[in-house]
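**Student:** I am sharing entry15.cif, which consists of mmCIF, C-alpha atoms and all ligand atoms:
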```cif
data_my_file
#
loop_
_atom_site.group_PDB
_atom_site.id
_atom_site.type_symbol
_atom_site.label_atom_id
_atom_site.label_comp_id
_atom_site.auth_asym_id
_atom_site.auth_seq_id
_atom_site.Cartn_x
_atom_site.Cartn_y
_atom_site.Cartn_z
ATOM 1 C CA MET A 14 34.416 12.650 -6.986
ATOM 2 C CA ARG A 15 30.749 11.990 -7.886
ATOM 3 C CA ASN A 16 29.686 10.070 -10.959
ATOM 4 C CA VAL A 17 28.938 12.048 -14.086
ATOM 5 C CA GLY A 18 25.222 11.683 -14.668
ATOM 6 C CA ALA A 19 24.409 11.066 -11.018
ATOM 7 C CA MET A 20 20.808 11.429 -10.066
ATOM 8 C CA ILE A 21 18.853 14.659 -9.876
ATOM 9 C CA ASP A 22 15.837 14.363 -7.589
ATOM 10 C CA LEU A 23 13.295 16.745 -9.082
ATOM 11 C CA HIS A 24 10.657 16.369 -6.372
ATOM 12 C CA CYS A 25 11.400 16.007 -2.665
ATOM 13 C CA HIS A 26 10.475 17.522 0.675
ATOM 14 C CA VAL A 27 13.827 18.334 2.222
ATOM 15 C CA LEU A 28 13.392 21.779 3.767
ATOM 16 C CA ALA A 29 12.699 21.976 7.478
ATOM 17 C CA GLY A 30 9.512 23.297 8.987
ATOM 18 C CA LEU A 31 7.598 24.119 5.801
ATOM 19 C CA ASP A 32 5.265 21.183 5.300
ATOM 20 C CA ASP A 33 4.907 17.487 6.108
ATOM 21 C CA GLY A 34 8.596 16.922 5.405
ATOM 22 C CA PRO A 35 11.367 17.300 8.017
ATOM 23 C CA GLU A 36 10.586 19.368 11.098
ATOM 24 C CA THR A 37 14.156 20.336 11.969
ATOM 25 C CA VAL A 38 17.324 21.236 10.098
ATOM 26 C CA ASP A 39 18.971 18.182 11.693
ATOM 27 C CA GLN A 40 16.342 15.984 10.067
ATOM 28 C CA ALA A 41 16.814 17.826 6.774
ATOM 29 C CA VAL A 42 20.567 17.205 6.933
ATOM 30 C CA ALA A 43 19.957 13.502 7.563
ATOM 31 C CA LEU A 44 17.749 13.420 4.462
ATOM 32 C CA VAL A 45 20.415 15.102 2.331
ATOM 33 C CA ARG A 46 22.923 12.547 3.607
ATOM 34 C CA ALA A 47 20.590 9.651 2.756
ATOM 35 C CA ALA A 48 19.879 11.132 -0.678
ATOM 36 C CA ARG A 49 23.596 11.422 -1.340
ATOM 37 C CA SER A 50 24.102 7.791 -0.325
ATOM 38 C CA ALA A 51 21.304 6.868 -2.726
ATOM 39 C CA GLY A 52 23.180 8.560 -5.586
ATOM 40 C CA ALA A 53 21.753 12.077 -5.734
ATOM 41 C CA GLU A 54 23.938 14.943 -6.859
ATOM 42 C CA LYS A 55 21.148 17.537 -6.911
ATOM 43 C CA LEU A 56 17.904 17.822 -5.015
ATOM 44 C CA VAL A 57 15.156 20.188 -5.967
ATOM 45 C CA ALA A 58 13.381 21.103 -2.762
ATOM 46 C CA THR A 59 9.680 21.167 -3.592
ATOM 47 C CA PRO A 60 7.737 22.063 -0.444
ATOM 48 C CA HIS A 61 3.987 22.034 -0.702
ATOM 49 C CA VAL A 62 2.270 25.224 -1.729
ATOM 50 C CA ASN A 63 -1.329 24.363 -0.981
ATOM 51 C CA LEU A 64 -4.293 25.419 1.119
ATOM 52 C CA ARG A 65 -2.721 23.897 4.249
ATOM 53 C CA TYR A 66 0.890 25.000 3.696
ATOM 54 C CA ARG A 67 0.784 28.468 2.195
ATOM 55 C CA ASN A 68 4.493 28.653 1.443
ATOM 56 C CA ARG A 69 5.832 31.345 -0.827
ATOM 57 C CA GLY A 70 9.205 32.023 -2.460
ATOM 58 C CA ALA A 71 10.550 34.034 0.468
ATOM 59 C CA THR A 72 9.814 31.366 3.091
ATOM 60 C CA ILE A 73 11.256 28.659 0.865
ATOM 61 C CA ALA A 74 14.388 30.731 0.249
ATOM 62 C CA ARG A 75 14.836 31.254 3.993
ATOM 63 C CA ALA A 76 14.612 27.519 4.748
ATOM 64 C CA ALA A 77 16.922 26.712 1.827
ATOM 65 C CA GLY A 78 19.442 29.217 3.184
ATOM 66 C CA GLU A 79 19.375 27.563 6.616
ATOM 67 C CA LEU A 80 19.985 24.155 5.068
ATOM 68 C CA LYS A 81 22.787 25.478 2.889
ATOM 69 C CA ASP A 82 24.503 27.008 5.923
ATOM 70 C CA ARG A 83 24.339 23.667 7.734
ATOM 71 C CA GLN A 84 25.542 21.747 4.684
ATOM 72 C CA GLY A 85 28.567 24.029 4.573
ATOM 73 C CA ARG A 86 29.520 22.712 8.008
ATOM 74 C CA GLU A 87 29.082 19.055 7.022
ATOM 75 C CA PRO A 88 32.149 18.108 4.931
ATOM 76 C CA ASP A 89 30.488 15.078 3.350
ATOM 77 C CA LEU A 90 27.511 17.088 2.104
ATOM 78 C CA THR A 91 29.079 20.017 0.319
ATOM 79 C CA ASP A 92 28.861 18.284 -3.066
ATOM 80 C CA VAL A 93 25.086 17.881 -2.945
ATOM 81 C CA GLU A 94 23.356 20.896 -4.417
ATOM 82 C CA VAL A 95 19.896 21.738 -3.107
ATOM 83 C CA LEU A 96 17.929 23.901 -5.511
ATOM 84 C CA ARG A 97 14.631 25.598 -4.860
ATOM 85 C CA GLY A 98 11.255 24.734 -6.287
ATOM 86 C CA ALA A 99 7.752 24.045 -5.047
ATOM 87 C CA GLU A 100 4.938 21.554 -5.445
ATOM 88 C CA ILE A 101 2.050 23.840 -6.248
ATOM 89 C CA ALA A 102 -1.426 22.490 -5.676
ATOM 90 C CA PHE A 103 -3.963 22.918 -8.441
ATOM 91 C CA ALA A 104 -6.293 24.712 -5.997
ATOM 92 C CA CYS A 105 -3.630 27.299 -5.107
ATOM 93 C CA MET A 106 -2.463 28.132 -8.594
ATOM 94 C CA PRO A 107 -5.102 30.774 -9.392
ATOM 95 C CA GLU A 108 -4.182 32.886 -6.369
ATOM 96 C CA LEU A 109 -0.495 33.183 -7.278
ATOM 97 C CA THR A 110 0.726 36.346 -8.973
ATOM 98 C CA ASP A 111 3.278 36.318 -11.776
ATOM 99 C CA ASP A 112 6.015 37.356 -9.318
ATOM 100 C CA GLU A 113 5.032 34.616 -6.876
ATOM 101 C CA LEU A 114 4.994 32.017 -9.625
ATOM 102 C CA ALA A 115 8.409 33.149 -10.825
ATOM 103 C CA SER A 116 9.785 32.555 -7.320
ATOM 104 C CA LEU A 117 8.409 29.008 -7.224
ATOM 105 C CA THR A 118 9.843 27.544 -10.430
ATOM 106 C CA LEU A 119 12.059 24.471 -10.482
ATOM 107 C CA GLY A 120 15.617 25.721 -10.043
ATOM 108 C CA GLY A 121 14.730 29.246 -11.160
ATOM 109 C CA GLY A 122 13.877 28.273 -14.743
ATOM 110 C CA SER A 123 10.482 28.321 -16.395
ATOM 111 C CA TRP A 124 9.090 24.956 -15.274
ATOM 112 C CA LEU A 125 6.531 24.655 -12.475
ATOM 113 C CA LEU A 126 5.697 21.448 -10.592
ATOM 114 C CA LEU A 127 1.910 21.236 -10.486
ATOM 115 C CA GLU A 128 0.200 18.866 -8.075
ATOM 116 C CA PRO A 129 -3.101 17.680 -9.571
ATOM 117 C CA PRO A 130 -6.169 17.511 -7.337
ATOM 118 C CA ALA A 131 -6.597 14.405 -5.218
ATOM 119 C CA GLY A 132 -10.266 13.949 -6.136
ATOM 120 C CA GLN A 133 -12.058 12.379 -9.057
ATOM 121 C CA VAL A 134 -12.312 15.511 -11.177
ATOM 122 C CA ALA A 135 -10.074 18.407 -12.165
ATOM 123 C CA PRO A 136 -12.315 20.983 -13.791
ATOM 124 C CA GLY A 137 -10.276 23.629 -15.541
ATOM 125 C CA ILE A 138 -6.882 21.934 -15.434
ATOM 126 C CA ALA A 139 -6.411 22.122 -19.212
ATOM 127 C CA ALA A 140 -7.331 25.823 -19.215
ATOM 128 C CA MET A 141 -4.990 26.424 -16.293
ATOM 129 C CA VAL A 142 -2.099 24.801 -18.147
ATOM 130 C CA GLU A 143 -2.919 26.873 -21.231
ATOM 131 C CA ASP A 144 -2.896 30.023 -19.085
ATOM 132 C CA LEU A 145 0.452 29.084 -17.504
ATOM 133 C CA HIS A 146 1.935 28.503 -20.945
ATOM 134 C CA ALA A 147 0.669 31.899 -22.065
ATOM 135 C CA ARG A 148 2.382 33.434 -19.012
ATOM 136 C CA GLY A 149 5.719 31.917 -20.072
ATOM 137 C CA HIS A 150 5.772 28.851 -17.849
ATOM 138 C CA ARG A 151 5.901 25.164 -18.574
ATOM 139 C CA VAL A 152 4.390 22.452 -16.457
ATOM 140 C CA VAL A 153 5.591 19.226 -14.897
ATOM 141 C CA LEU A 154 2.760 17.215 -13.350
ATOM 142 C CA ALA A 155 3.587 15.702 -9.977
ATOM 143 C CA HIS A 156 2.726 11.993 -9.706
ATOM 144 C CA PRO A 157 -0.291 11.890 -12.074
ATOM 145 C CA GLU A 158 -0.181 8.099 -11.748
ATOM 146 C CA ARG A 159 -1.424 8.474 -8.158
ATOM 147 C CA CYS A 160 -4.393 10.667 -9.088
ATOM 148 C CA PRO A 161 -7.866 9.123 -9.453
ATOM 149 C CA VAL A 162 -8.857 11.836 -11.904
ATOM 150 C CA PHE A 163 -6.432 10.412 -14.463
ATOM 151 C CA HIS A 164 -7.339 6.795 -13.701
ATOM 152 C CA ARG A 165 -10.908 7.738 -14.489
ATOM 153 C CA ASP A 166 -10.035 9.893 -17.493
ATOM 154 C CA PRO A 167 -6.640 8.955 -18.998
ATOM 155 C CA LYS A 168 -7.474 10.950 -22.124
ATOM 156 C CA LEU A 169 -7.253 14.117 -20.039
ATOM 157 C CA LEU A 170 -3.662 13.239 -19.166
ATOM 158 C CA HIS A 171 -2.966 12.402 -22.784
ATOM 159 C CA SER A 172 -4.274 15.778 -23.915
ATOM 160 C CA LEU A 173 -2.124 17.559 -21.306
ATOM 161 C CA ALA A 174 0.937 15.643 -22.534
ATOM 162 C CA ASP A 175 0.059 16.608 -26.108
ATOM 163 C CA ALA A 176 0.025 20.235 -24.946
ATOM 164 C CA GLY A 177 3.619 19.879 -23.711
ATOM 165 C CA VAL A 178 3.111 18.904 -20.100
ATOM 166 C CA LEU A 179 5.708 16.503 -18.699
ATOM 167 C CA THR A 180 5.027 13.898 -16.037
ATOM 168 C CA SER A 181 7.111 13.161 -12.962
ATOM 169 C CA ILE A 182 6.128 9.906 -11.324
ATOM 170 C CA THR A 183 7.025 8.767 -7.824
ATOM 171 C CA ALA A 184 9.604 5.964 -7.726
ATOM 172 C CA GLY A 185 7.465 3.937 -5.329
ATOM 173 C CA SER A 186 4.668 3.788 -7.904
ATOM 174 C CA LEU A 187 6.867 1.513 -10.038
ATOM 175 C CA VAL A 188 7.002 -1.158 -7.367
ATOM 176 C CA GLY A 189 3.528 -1.077 -5.901
ATOM 177 C CA ARG A 190 4.043 1.179 -2.873
ATOM 178 C CA PHE A 191 0.766 2.944 -3.699
ATOM 179 C CA GLY A 192 -1.116 -0.230 -4.598
ATOM 180 C CA GLY A 193 -1.825 -2.292 -7.669
ATOM 181 C CA ILE A 194 -3.993 0.212 -9.512
ATOM 182 C CA VAL A 195 -1.294 2.881 -9.351
ATOM 183 C CA ARG A 196 1.338 0.361 -10.408
ATOM 184 C CA ARG A 197 -0.702 -0.790 -13.407
ATOM 185 C CA PHE A 198 -1.441 2.761 -14.462
ATOM 186 C CA THR A 199 2.272 3.614 -14.136
ATOM 187 C CA SER A 200 3.140 0.636 -16.311
ATOM 188 C CA GLU A 201 0.764 1.773 -19.009
ATOM 189 C CA LEU A 202 1.969 5.359 -18.886
ATOM 190 C CA LEU A 203 5.505 4.073 -19.451
ATOM 191 C CA GLU A 204 4.426 1.970 -22.403
ATOM 192 C CA ALA A 205 2.539 4.938 -23.844
ATOM 193 C CA GLY A 206 5.697 7.083 -23.592
ATOM 194 C CA MET A 207 4.092 9.398 -21.065
ATOM 195 C CA VAL A 208 6.643 9.229 -18.246
ATOM 196 C CA HIS A 209 9.416 11.802 -18.377
ATOM 197 C CA ASN A 210 10.878 11.736 -14.898
ATOM 198 C CA VAL A 211 11.051 9.554 -11.813
ATOM 199 C CA ALA A 212 11.521 11.350 -8.497
ATOM 200 C CA SER A 213 11.507 10.156 -4.905
ATOM 201 C CA ASP A 214 8.989 12.641 -3.444
ATOM 202 C CA PHE A 215 10.763 11.855 -0.178
ATOM 203 C CA HIS A 216 9.364 13.234 3.053
ATOM 204 C CA SER A 217 11.348 11.483 5.784
ATOM 205 C CA LEU A 218 13.766 8.634 6.351
ATOM 206 C CA GLU A 219 10.907 6.445 7.507
ATOM 207 C CA ARG A 220 7.794 7.422 5.586
ATOM 208 C CA ARG A 221 9.101 7.779 2.046
ATOM 209 C CA PRO A 222 12.891 7.790 2.025
ATOM 210 C CA PRO A 223 15.256 9.291 -0.563
ATOM 211 C CA GLY A 224 16.352 7.368 -3.620
ATOM 212 C CA THR A 225 14.953 6.148 -6.924
ATOM 213 C CA ALA A 226 17.578 3.673 -8.148
ATOM 214 C CA GLU A 227 16.278 0.712 -6.197
ATOM 215 C CA ALA A 228 12.729 1.057 -7.515
ATOM 216 C CA LEU A 229 13.957 1.615 -11.074
ATOM 217 C CA ALA A 230 16.148 -1.483 -10.885
ATOM 218 C CA GLN A 231 13.406 -3.558 -9.276
ATOM 219 C CA ALA A 232 11.019 -2.503 -12.032
ATOM 220 C CA GLY A 233 13.569 -3.461 -14.691
ATOM 221 C CA LEU A 234 14.039 0.083 -16.020
ATOM 222 C CA GLY A 235 17.762 0.379 -15.401
ATOM 223 C CA ALA A 236 18.515 1.327 -19.003
ATOM 224 C CA LEU A 237 16.139 4.282 -18.807
ATOM 225 C CA ALA A 238 17.315 5.461 -15.410
ATOM 226 C CA GLN A 239 19.865 7.957 -16.715
ATOM 227 C CA TRP A 240 17.273 9.597 -18.976
ATOM 228 C CA LEU A 241 14.523 9.642 -16.350
ATOM 229 C CA THR A 242 16.570 10.765 -13.374
ATOM 230 C CA HIS A 243 19.334 12.842 -14.917
ATOM 231 C CA ASP A 244 18.981 13.855 -18.564
ATOM 232 C CA VAL A 245 15.376 15.083 -18.405
ATOM 233 C CA PRO A 246 15.585 16.836 -15.014
ATOM 234 C CA ALA A 247 18.885 18.469 -16.037
ATOM 235 C CA ALA A 248 17.190 19.847 -19.159
ATOM 236 C CA ILE A 249 14.247 21.076 -17.088
ATOM 237 C CA LEU A 250 16.522 22.883 -14.642
ATOM 238 C CA GLU A 251 18.578 24.445 -17.435
ATOM 239 C CA ASP A 252 15.558 25.277 -19.614
ATOM 240 C CA ARG A 253 16.971 23.226 -22.453
ATOM 241 C CA GLU A 254 15.086 21.124 -24.963
ATOM 242 C CA ILE A 255 14.040 17.807 -23.435
ATOM 243 C CA PRO A 256 16.398 15.124 -24.815
ATOM 244 C CA ARG A 257 15.005 12.197 -26.760
ATOM 245 C CA LYS A 258 14.520 8.938 -24.963
ATOM 246 C CA PRO A 259 17.361 6.482 -25.635
ATOM 247 C CA ALA A 260 16.442 4.148 -28.472
ATOM 248 C CA GLY A 261 15.799 0.550 -27.595
ATOM 249 C CA ALA A 262 15.401 0.978 -23.845
ATOM 250 C CA SER A 263 12.642 -1.213 -22.478
ATOM 251 C CA VAL A 264 9.654 0.641 -21.102
ATOM 252 C CA ALA A 265 7.942 -2.488 -19.791
ATOM 253 C CA ILE A 266 8.022 -2.999 -16.078
ATOM 254 C CA ALA A 267 7.783 -6.406 -14.480
ATOM 255 C CA PRO A 268 4.382 -8.011 -15.105
ATOM 256 C CA THR A 269 1.578 -7.118 -12.781
ATOM 257 C CA GLN A 270 -1.282 -9.232 -11.618
ATOM 258 C CA GLY A 271 -4.801 -8.542 -12.711
ATOM 259 C CA LYS A 272 -6.370 -7.181 -15.833
ATOM 260 C CA ARG A 273 -5.145 -4.069 -17.534
ATOM 261 C CA ARG A 274 -7.665 -1.381 -16.922
ATOM 262 C CA PHE A 275 -6.496 1.732 -18.669
ATOM 263 C CA ALA A 276 -4.707 0.895 -21.925
ATOM 264 C CA TRP A 277 -7.649 1.129 -24.276
ATOM 265 C CA ARG A 278 -8.447 4.561 -22.942
ATOM 266 C CA LEU A 279 -4.848 5.800 -23.151
ATOM 267 C CA ARG A 280 -4.381 4.614 -26.689
ATOM 268 C CA SER A 281 -7.771 5.398 -28.169
HETATM 269 FE FE FE B 1 5.470 15.897 -2.990
#
```
What is this file in structure tokens?

**Tutor:**
Amino acid sequence: MRNVGAMIDLHCHVLAGLDDGPETVDQAVALVRAARSAGAEKLVATPHVNLRYRNRGATIARAAGELKDRQGREPDLTDVEVLRGAEIAFACMPELTDDELASLTLGGGSWLLLEPPAGQVAPGIAAMVEDLHARGHRVVLAHPERCPVFHRDPKLLHSLADAGVLTSITAGSLVGRFGGIVRRFTSELLEAGMVHNVASDFHSLERRPPGTAEALAQAGLGALAQWLTHDVPAAILEDREIPRKPAGASVAIAPTQGKRRFAWRLRS
């Protein structure tokens, strides 16, 4: 039997042949197996929907069906549930109809995983979020800590959070896998109470493998792990109110080298 409160991975690339994740169903099965070993009870498959990978709900459903069929023939994998979602690029959002958006939500609820632009600016992102809210959706931002636009303008991220946007950071950001700047920014987002989820964003066994527990433990956030990797994603998937963060849990990650660069802008 699996642990109650086992991990829900809200952002991962587990479906075969849709993006830069696994190419084959065999590789996808190996990823599900590794995710299970790393403590996952649910995976939300979030293939890219961007200008390079123009996935839509029907293609994602087809790949999810293939994986589910294979899982049914793998006795050790039947207790891992793979739900459907998508990682929708900022640039693609305007071209999606209401029906298309509805087919790309996280687990079929109202939340969408929005990938911010990779560049230095994101003109119109606040208006886009406002429009999505007006259309009945809510927004989780994928790995904002890795986006130069928010390093340059943390107040923009703050204003999005004030508007109800949640953030999902990549586990590797906690331990420096994307460099010192990303790690420092992640640390300051945590201290500012602006991190709501930690996901693996796994793509392959080699490049960015499944699992978040190791990074959370290494960063010293073990007491928050249940909230970040189970309680919040469960509420997102079930369209429930986001639970309050447990009182007293440390939000400070192990000290980093170098000067803090962002705090005054986040807090001002
Ligand atoms: Fe991703």

**Student:** Could you work out how far atom CA of A:Thr242 lies from atom CA of A:Glu143, giving the answer in Å with one decimal?

**Tutor:**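 For atom CA of A:Glu143 relative to atom CA of A:Thr242, the distance reads 26.5 Å.
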
**Student:** I'd like the contact shell of A:Lys81 - 9 Å cut-off, all atoms listed in the file, skipping same-chain residues fewer than 6 positions apart - returned as number ranges by chain.

**Tutor:** A: 91, 94-95

**Student:** Would you mind listing, for every residue of stretch 28-57 of chain A within 7 Å of stretch 200-224 of chain A, the two atoms forming the shortest contact and the distance between them in Å to one decimal, using only C-alpha atoms, sorted by chain and ascending residue number, as a Markdown table?

**Tutor:**
```
| residue | atom | partner | partner_atom | distance |
| --- | --- | --- | --- | --- |
| A:Asp33 | CA | A:His216 | CA | 6.9 |
| A:Gly34 | CA | A:His216 | CA | 4.4 |
| A:Pro35 | CA | A:Ser217 | CA | 6.2 |
| A:Leu44 | CA | A:Leu218 | CA | 6.5 |
| A:Ala47 | CA | A:Pro223 | CA | 6.3 |
| A:Ala48 | CA | A:Pro223 | CA | 5.0 |
| A:Ala51 | CA | A:Gly224 | CA | 5.1 |
```

**Student:** Between atom CA of A:Arg159 and atom CA of A:Arg67, what distance in Å does the model show, to one decimal?

**Tutor:** 22.6 Å

**Student:** Quick check on the file I pasted: which residues fall under the PyMOL selection byres (((chain A and resi 168-176) around 12) and not hetatm)? Write them as number ranges by chain.

**Tutor:** A: 129, 134-146, 151-158, 160-167, 177-181, 198, 201-202, 205-209, 275-281

**Student:** Report as a list in words the full result of the PyMOL selection byres (((not hetatm)) within 7 of (chain B and resi 1)) when it is applied to this structure.

**Tutor:**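 Here the PyMOL selection byres (((not hetatm)) within 7 of (chain B and resi 1)) matches His24, Cys25, His26, Thr59, His61, Glu100 and Asp214 of chain A.
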
**Student:** To verify the selection step, state as number ranges by chain which residues the PyMOL selection byres (((chain A and resi 257) around 10) and not hetatm) yields on this input.

**Tutor:** A: 240, 244-245, 254-256, 258-260

**Student:** Distance atom CA of A:Asp89-atom CA of A:Val42, one decimal place?

**Tutor:**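 Computed distance, atom CA of A:Asp89 to atom CA of A:Val42, equals 10.8 Å.
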
**Student:** Find, counting only C-alpha atoms, the residue in A:Leu109, A:Gly122, A:Val45, A:Tyr66 that gets nearest to A:Arg253.

**Tutor:**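 For A:Arg253, the nearest of the given residues is A:Gly122.
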
**Student:** Counting all atoms listed in the file, figure out which residue out of A:Ser123, A:Thr72, A:Thr183, A:Thr225 gets nearest to A:Val195.

**Tutor:** A:Thr183

**Student:** Quick one: everything within 8 Å of A:Ala19, counting all atoms listed in the file, minus sequence neighbours fewer than 6 positions away in the same chain. Send it as a PyMOL selection string.

**Tutor:** chain A and resi 52-54+239+243

**Student:** Output the selection as a PDB file, keeping the file's coordinate frame - C-alpha atoms for each residue.

**Tutor:**
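The resulting again.pdb:
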```
ATOM      1  CA  GLY A  52      23.180   8.560  -5.586  1.00  0.00           C
ATOM      2  CA  ALA A  53      21.753  12.077  -5.734  1.00  0.00           C
ATOM      3  CA  GLU A  54      23.938  14.943  -6.859  1.00  0.00           C
ATOM      4  CA  GLN A 239      19.865   7.957 -16.715  1.00  0.00           C
ATOM      5  CA  HIS A 243      19.334  12.842 -14.917  1.00  0.00           C
TER       6      HIS A 243
END
```

**Student:** Quick one: of A:Ala29, A:Leu241, A:Ile101, A:Ala43, who's nearest to A:Arg75, counting all atoms listed in the file?

**Tutor:**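 That would be A:Ala29, the residue with the smallest distance to A:Arg75.
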
**Student:** Using all atoms listed in the file, pick whichever of A:Pro246, A:Gly98, A:Gly233, A:Pro88 has the shortest atom-to-atom distance to A:Ala265.

**Tutor:**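 Checking each of A:Pro246, A:Gly98, A:Gly233, A:Pro88 against A:Ala265, counting all atoms listed in the file, the winner is A:Gly233.
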
**Student:** Which neighbours of A:Val188 fall inside 9 Å, counting all atoms listed in the file, when residues of the same chain fewer than 3 positions from it are skipped, and could you give them as an mmCIF file with C-alpha atoms, keeping the file's coordinate frame?

**Tutor:**
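Output below, filename part_33.cif:
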```
data_model
loop_
_atom_site.group_PDB
_atom_site.id
_atom_site.type_symbol
_atom_site.label_atom_id
_atom_site.label_comp_id
_atom_site.auth_asym_id
_atom_site.auth_seq_id
_atom_site.Cartn_x
_atom_site.Cartn_y
_atom_site.Cartn_z
ATOM 1 C CA ALA A 184 9.604 5.964 -7.726
ATOM 2 C CA GLY A 185 7.465 3.937 -5.329
ATOM 3 C CA PHE A 191 0.766 2.944 -3.699
ATOM 4 C CA GLY A 192 -1.116 -0.230 -4.598
ATOM 5 C CA GLY A 193 -1.825 -2.292 -7.669
ATOM 6 C CA ARG A 196 1.338 0.361 -10.408
ATOM 7 C CA ALA A 228 12.729 1.057 -7.515
ATOM 8 C CA LEU A 229 13.957 1.615 -11.074
ATOM 9 C CA GLN A 231 13.406 -3.558 -9.276
ATOM 10 C CA ALA A 232 11.019 -2.503 -12.032
ATOM 11 C CA ILE A 266 8.022 -2.999 -16.078
ATOM 12 C CA ALA A 267 7.783 -6.406 -14.480
#
```

**Student:** Residues near A:Gly70, anyone? I mean within 7 Å using all atoms listed in the file, not counting same-chain ones fewer than 5 positions away, as a PyMOL selection string.

**Tutor:** chain A and resi 113+116-117

**Student:** Just checking: using only C-alpha atoms, which residue out of A:Ile194, A:Lys55, A:Asn68, A:Gln40 ends up closest to A:Met20?

**Tutor:**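 For A:Met20, the nearest of the given residues is A:Lys55.
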